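> Sharing structure-v4.cif (mmCIF, N, CA and C atoms) below.
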data_query
#
loop_
_atom_site.group_PDB
_atom_site.id
_atom_site.type_symbol
_atom_site.label_atom_id
_atom_site.label_comp_id
_atom_site.auth_asym_id
_atom_site.auth_seq_id
_atom_site.Cartn_x
_atom_site.Cartn_y
_atom_site.Cartn_z
ATOM 1 N N MET Q 1 25.749 6.133 19.185
ATOM 2 C CA MET Q 1 25.178 7.466 19.160
ATOM 3 C C MET Q 1 24.129 7.533 18.048
ATOM 4 N N LYS Q 2 22.998 8.135 18.368
ATOM 5 C CA LYS Q 2 21.929 8.282 17.381
ATOM 6 C C LYS Q 2 22.209 9.493 16.505
ATOM 7 N N GLN Q 3 21.970 9.336 15.226
ATOM 8 C CA GLN Q 3 22.203 10.413 14.277
ATOM 9 C C GLN Q 3 20.881 10.965 13.758
ATOM 10 N N MET Q 4 20.882 12.255 13.552
ATOM 11 C CA MET Q 4 19.722 12.902 12.962
ATOM 12 C C MET Q 4 19.789 12.716 11.451
ATOM 13 N N GLN Q 5 18.636 12.428 10.854
ATOM 14 C CA GLN Q 5 18.544 12.279 9.412
ATOM 15 C C GLN Q 5 17.355 13.077 8.907
ATOM 16 N N LEU Q 6 17.421 13.476 7.664
ATOM 17 C CA LEU Q 6 16.297 14.130 7.017
ATOM 18 C C LEU Q 6 15.665 13.154 6.040
ATOM 19 N N ARG Q 7 14.353 13.181 6.011
ATOM 20 C CA ARG Q 7 13.610 12.372 5.047
ATOM 21 C C ARG Q 7 12.459 13.218 4.527
ATOM 22 N N PRO Q 8 11.885 12.855 3.407
ATOM 23 C CA PRO Q 8 10.733 13.616 2.915
ATOM 24 C C PRO Q 8 9.616 13.642 3.959
ATOM 25 N N PHE Q 9 8.948 14.763 4.041
ATOM 26 C CA PHE Q 9 7.818 14.946 4.946
ATOM 27 C C PHE Q 9 6.684 14.011 4.554
ATOM 28 N N HIS Q 10 6.092 13.355 5.534
ATOM 29 C CA HIS Q 10 4.902 12.529 5.322
ATOM 30 C C HIS Q 10 3.713 13.250 5.946
ATOM 31 N N PRO Q 11 2.547 13.190 5.339
ATOM 32 C CA PRO Q 11 1.382 13.878 5.896
ATOM 33 C C PRO Q 11 1.097 13.529 7.354
ATOM 34 N N ASP Q 12 1.385 12.297 7.777
ATOM 35 C CA ASP Q 12 1.123 11.933 9.167
ATOM 36 C C ASP Q 12 2.113 12.568 10.148
ATOM 37 N N ASP Q 13 3.170 13.238 9.655
ATOM 38 C CA ASP Q 13 4.103 13.975 10.523
ATOM 39 C C ASP Q 13 3.462 15.245 11.080
ATOM 40 N N ALA Q 14 2.490 15.779 10.378
ATOM 41 C CA ALA Q 14 1.915 17.080 10.735
ATOM 42 C C ALA Q 14 1.368 17.099 12.157
ATOM 43 N N LYS Q 15 0.655 16.074 12.559
ATOM 44 C CA LYS Q 15 0.075 16.038 13.904
ATOM 45 C C LYS Q 15 1.159 16.107 14.973
ATOM 46 N N THR Q 16 2.236 15.365 14.789
ATOM 47 C CA THR Q 16 3.336 15.381 15.760
ATOM 48 C C THR Q 16 4.003 16.743 15.806
ATOM 49 N N ILE Q 17 4.320 17.287 14.655
ATOM 50 C CA ILE Q 17 5.014 18.571 14.592
ATOM 51 C C ILE Q 17 4.163 19.680 15.209
ATOM 52 N N LEU Q 18 2.889 19.715 14.894
ATOM 53 C CA LEU Q 18 2.014 20.754 15.431
ATOM 54 C C LEU Q 18 1.794 20.619 16.931
ATOM 55 N N SER Q 19 1.977 19.439 17.483
ATOM 56 C CA SER Q 19 1.780 19.238 18.918
ATOM 57 C C SER Q 19 2.883 19.873 19.766
ATOM 58 N N TRP Q 20 3.994 20.254 19.168
ATOM 59 C CA TRP Q 20 5.114 20.809 19.925
ATOM 60 C C TRP Q 20 4.830 22.192 20.491
ATOM 61 N N CYS Q 21 4.015 22.963 19.836
ATOM 62 C CA CYS Q 21 3.723 24.338 20.281
ATOM 63 C C CYS Q 21 2.546 24.304 21.248
ATOM 64 N N LYS Q 22 2.851 24.489 22.514
ATOM 65 C CA LYS Q 22 1.838 24.339 23.558
ATOM 66 C C LYS Q 22 1.053 25.617 23.838
ATOM 67 N N ASP Q 23 1.562 26.761 23.402
ATOM 68 C CA ASP Q 23 0.838 28.006 23.653
ATOM 69 C C ASP Q 23 0.923 28.911 22.432
ATOM 70 N N ARG Q 24 0.087 29.937 22.431
ATOM 71 C CA ARG Q 24 -0.028 30.831 21.270
ATOM 72 C C ARG Q 24 1.301 31.531 20.949
ATOM 73 N N GLN Q 25 2.036 31.971 21.965
ATOM 74 C CA GLN Q 25 3.288 32.684 21.716
ATOM 75 C C GLN Q 25 4.319 31.772 21.040
ATOM 76 N N ALA Q 26 4.496 30.569 21.568
ATOM 77 C CA ALA Q 26 5.442 29.630 20.951
ATOM 78 C C ALA Q 26 5.012 29.298 19.525
ATOM 79 N N PHE Q 27 3.714 29.147 19.337
ATOM 80 C CA PHE Q 27 3.183 28.854 18.006
ATOM 81 C C PHE Q 27 3.490 29.979 17.031
ATOM 82 N N ARG Q 28 3.284 31.217 17.438
ATOM 83 C CA ARG Q 28 3.552 32.362 16.559
ATOM 84 C C ARG Q 28 5.041 32.481 16.244
ATOM 85 N N LEU Q 29 5.897 32.240 17.230
ATOM 86 C CA LEU Q 29 7.340 32.288 16.979
ATOM 87 C C LEU Q 29 7.759 31.192 16.004
ATOM 88 N N TRP Q 30 7.211 29.999 16.181
ATOM 89 C CA TRP Q 30 7.561 28.884 15.309
ATOM 90 C C TRP Q 30 7.016 29.075 13.901
ATOM 91 N N SER Q 31 5.768 29.510 13.799
ATOM 92 C CA SER Q 31 5.102 29.529 12.500
ATOM 93 C C SER Q 31 5.277 30.821 11.710
ATOM 94 N N ALA Q 32 5.785 31.866 12.353
ATOM 95 C CA ALA Q 32 5.963 33.164 11.684
ATOM 96 C C ALA Q 32 4.658 33.635 11.042
ATOM 97 N N ASP Q 33 3.549 33.396 11.734
ATOM 98 C CA ASP Q 33 2.216 33.814 11.282
ATOM 99 C C ASP Q 33 1.777 33.197 9.957
ATOM 100 N N ARG Q 34 2.307 32.040 9.604
ATOM 101 C CA ARG Q 34 1.870 31.355 8.382
ATOM 102 C C ARG Q 34 0.483 30.740 8.546
ATOM 103 N N TYR Q 35 0.102 30.496 9.782
ATOM 104 C CA TYR Q 35 -1.180 29.857 10.057
ATOM 105 C C TYR Q 35 -2.128 30.866 10.674
ATOM 106 N N LYS Q 36 -3.372 30.830 10.236
ATOM 107 C CA LYS Q 36 -4.379 31.780 10.684
ATOM 108 C C LYS Q 36 -4.793 31.531 12.134
ATOM 109 N N ASP Q 37 -5.034 30.275 12.492
ATOM 110 C CA ASP Q 37 -5.591 29.943 13.791
ATOM 111 C C ASP Q 37 -4.629 29.137 14.651
ATOM 112 N N PHE Q 38 -4.736 29.343 15.966
ATOM 113 C CA PHE Q 38 -4.044 28.512 16.948
ATOM 114 C C PHE Q 38 -5.095 27.723 17.704
ATOM 115 N N PRO Q 39 -4.910 26.451 17.868
ATOM 116 C CA PRO Q 39 -3.834 25.651 17.288
ATOM 117 C C PRO Q 39 -4.143 25.297 15.836
ATOM 118 N N ALA Q 40 -3.096 25.186 15.051
ATOM 119 C CA ALA Q 40 -3.273 24.784 13.654
ATOM 120 C C ALA Q 40 -3.608 23.295 13.606
ATOM 121 N N GLN Q 41 -4.243 22.905 12.549
ATOM 122 C CA GLN Q 41 -4.611 21.506 12.329
ATOM 123 C C GLN Q 41 -3.695 20.915 11.252
ATOM 124 N N PRO Q 42 -3.539 19.595 11.241
ATOM 125 C CA PRO Q 42 -2.709 18.976 10.197
ATOM 126 C C PRO Q 42 -3.104 19.400 8.783
ATOM 127 N N GLU Q 43 -4.395 19.604 8.554
ATOM 128 C CA GLU Q 43 -4.843 20.034 7.225
ATOM 129 C C GLU Q 43 -4.280 21.410 6.870
ATOM 130 N N ASP Q 44 -4.118 22.271 7.885
ATOM 131 C CA ASP Q 44 -3.539 23.598 7.660
ATOM 132 C C ASP Q 44 -2.087 23.478 7.207
ATOM 133 N N MET Q 45 -1.352 22.554 7.822
ATOM 134 C CA MET Q 45 0.040 22.348 7.437
ATOM 135 C C MET Q 45 0.119 21.818 6.012
ATOM 136 N N MET Q 46 -0.774 20.907 5.661
ATOM 137 C CA MET Q 46 -0.757 20.347 4.321
ATOM 138 C C MET Q 46 -1.048 21.423 3.272
ATOM 139 N N GLU Q 47 -1.914 22.374 3.592
ATOM 140 C CA GLU Q 47 -2.176 23.488 2.671
ATOM 141 C C GLU Q 47 -0.916 24.300 2.430
ATOM 142 N N GLN Q 48 -0.106 24.501 3.472
ATOM 143 C CA GLN Q 48 1.144 25.241 3.331
ATOM 144 C C GLN Q 48 2.106 24.526 2.385
ATOM 145 N N TYR Q 49 2.046 23.204 2.376
ATOM 146 C CA TYR Q 49 2.992 22.411 1.597
ATOM 147 C C TYR Q 49 2.508 22.078 0.196
ATOM 148 N N ASN Q 50 1.405 22.648 -0.233
ATOM 149 C CA ASN Q 50 0.882 22.379 -1.565
ATOM 150 C C ASN Q 50 1.467 23.282 -2.643
ATOM 151 N N GLY Q 51 2.382 24.177 -2.291
ATOM 152 C CA GLY Q 51 2.955 25.099 -3.260
ATOM 153 C C GLY Q 51 3.900 24.421 -4.235
ATOM 154 N N ASP Q 52 4.126 25.078 -5.354
ATOM 155 C CA ASP Q 52 5.006 24.532 -6.389
ATOM 156 C C ASP Q 52 6.467 24.465 -5.961
ATOM 157 N N ASN Q 53 6.909 25.402 -5.150
ATOM 158 C CA ASN Q 53 8.315 25.471 -4.761
ATOM 159 C C ASN Q 53 8.535 24.988 -3.333
ATOM 160 N N MET Q 54 7.788 24.011 -2.904
ATOM 161 C CA MET Q 54 7.867 23.520 -1.544
ATOM 162 C C MET Q 54 8.387 22.090 -1.545
ATOM 163 N N TYR Q 55 9.466 21.868 -0.824
ATOM 164 C CA TYR Q 55 10.063 20.543 -0.705
ATOM 165 C C TYR Q 55 10.276 20.252 0.776
ATOM 166 N N PRO Q 56 9.216 19.928 1.518
ATOM 167 C CA PRO Q 56 9.337 19.773 2.966
ATOM 168 C C PRO Q 56 10.056 18.482 3.354
ATOM 169 N N PHE Q 57 10.831 18.597 4.427
ATOM 170 C CA PHE Q 57 11.540 17.464 5.010
ATOM 171 C C PHE Q 57 11.217 17.390 6.487
ATOM 172 N N THR Q 58 11.425 16.214 7.063
ATOM 173 C CA THR Q 58 11.239 15.986 8.488
ATOM 174 C C THR Q 58 12.544 15.450 9.047
ATOM 175 N N ALA Q 59 12.995 15.997 10.175
ATOM 176 C CA ALA Q 59 14.181 15.492 10.858
ATOM 177 C C ALA Q 59 13.762 14.318 11.734
ATOM 178 N N THR Q 60 14.522 13.241 11.667
ATOM 179 C CA THR Q 60 14.262 12.057 12.480
ATOM 180 C C THR Q 60 15.546 11.633 13.175
ATOM 181 N N VAL Q 61 15.400 10.789 14.196
ATOM 182 C CA VAL Q 61 16.570 10.275 14.896
ATOM 183 C C VAL Q 61 16.336 8.807 15.242
ATOM 184 N N GLY Q 62 17.394 8.020 15.165
ATOM 185 C CA GLY Q 62 17.325 6.610 15.541
ATOM 186 C C GLY Q 62 16.835 5.709 14.430
ATOM 187 N N SER Q 63 16.956 4.421 14.668
ATOM 188 C CA SER Q 63 16.595 3.437 13.648
ATOM 189 C C SER Q 63 15.094 3.365 13.403
ATOM 190 N N ARG Q 64 14.276 3.808 14.374
ATOM 191 C CA ARG Q 64 12.833 3.808 14.188
ATOM 192 C C ARG Q 64 12.349 5.066 13.497
ATOM 193 N N GLY Q 65 13.249 6.022 13.286
ATOM 194 C CA GLY Q 65 12.874 7.237 12.590
ATOM 195 C C GLY Q 65 11.966 8.143 13.399
ATOM 196 N N THR Q 66 12.241 8.274 14.699
ATOM 197 C CA THR Q 66 11.433 9.114 15.564
ATOM 198 C C THR Q 66 11.519 10.567 15.103
ATOM 199 N N VAL Q 67 10.377 11.199 14.887
ATOM 200 C CA VAL Q 67 10.329 12.577 14.421
ATOM 201 C C VAL Q 67 10.848 13.483 15.524
ATOM 202 N N LEU Q 68 11.783 14.367 15.139
ATOM 203 C CA LEU Q 68 12.307 15.322 16.104
ATOM 204 C C LEU Q 68 11.321 16.434 16.216
#
How does this structure look as structure tokens?

Amino acid sequence: MKQMQLRPFHPDDAKTILSWCKDRQAFRLWSADRYKDFPAQPEDMMEQYNGDNMYPFTATVGSRGTVL
């Protein structure tokens, strides 16, 4: 059985994560209006994570660390 694990967020995760929201409504529900434009770009996600109190993680599964 594959187990989910958390690891520190890597900048290259942003493209994969942002690709999950296929329409504006899903994007707004997921992002809670943190992003100005749809679709958001990886650079937009990185700006969100530049704060002092931000410790982003990415959920992965399997030995290859596939991003959930």
> Could you jot down the atom N of Trp30 (chain Q) to atom C of Asp13 (chain Q) separation for me, Å, one decimal place?
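Value for the atom N of Trp30 (chain Q)-atom C of Asp13 (chain Q) distance: 16.1 Å.
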> Go through Q:Ala14, Q:Val67, Q:Leu6, Q:Met1 and flag the residue nearest Glu43 (chain Q), using only C-alpha atoms for the distances.
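Checking each of Q:Ala14, Q:Val67, Q:Leu6, Q:Met1 against Glu43 (chain Q), counting only C-alpha atoms, the winner is Q:Ala14.
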> If we count only N, CA and C atoms, what is near region 16-25 of chain Q at a cut-off of 8 Å, once residues fewer than 6 positions away on the same chain are taken out, given as a list in words?
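Contacts, with the query itself left out: Ser31, Phe38, Pro39, Ala40, Gln41, Pro42, Val67 and Leu68 of chain Q.
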> Just asking: which residues within chain Q are helix (DSSP H, G or I) according to DSSP, as a list in words?
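Of chain Q, the ones in helix (DSSP H, G or I) are Asp13, Ala14, Lys15, Thr16, Ile17, Leu18, Arg24, Gln25, Ala26, Phe27, Arg28, Leu29, Trp30, Ser31, Pro42, Glu43, Asp44, Met45, Met46, Glu47 and Gln48 of chain Q.
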> Calculate how many Å separate CA of Asn53 (chain Q) from CA of Gln5 (chain Q), rounding to one decimal.
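Going from CA of Asn53 (chain Q) over to CA of Gln5 (chain Q) covers 21.9 Å.
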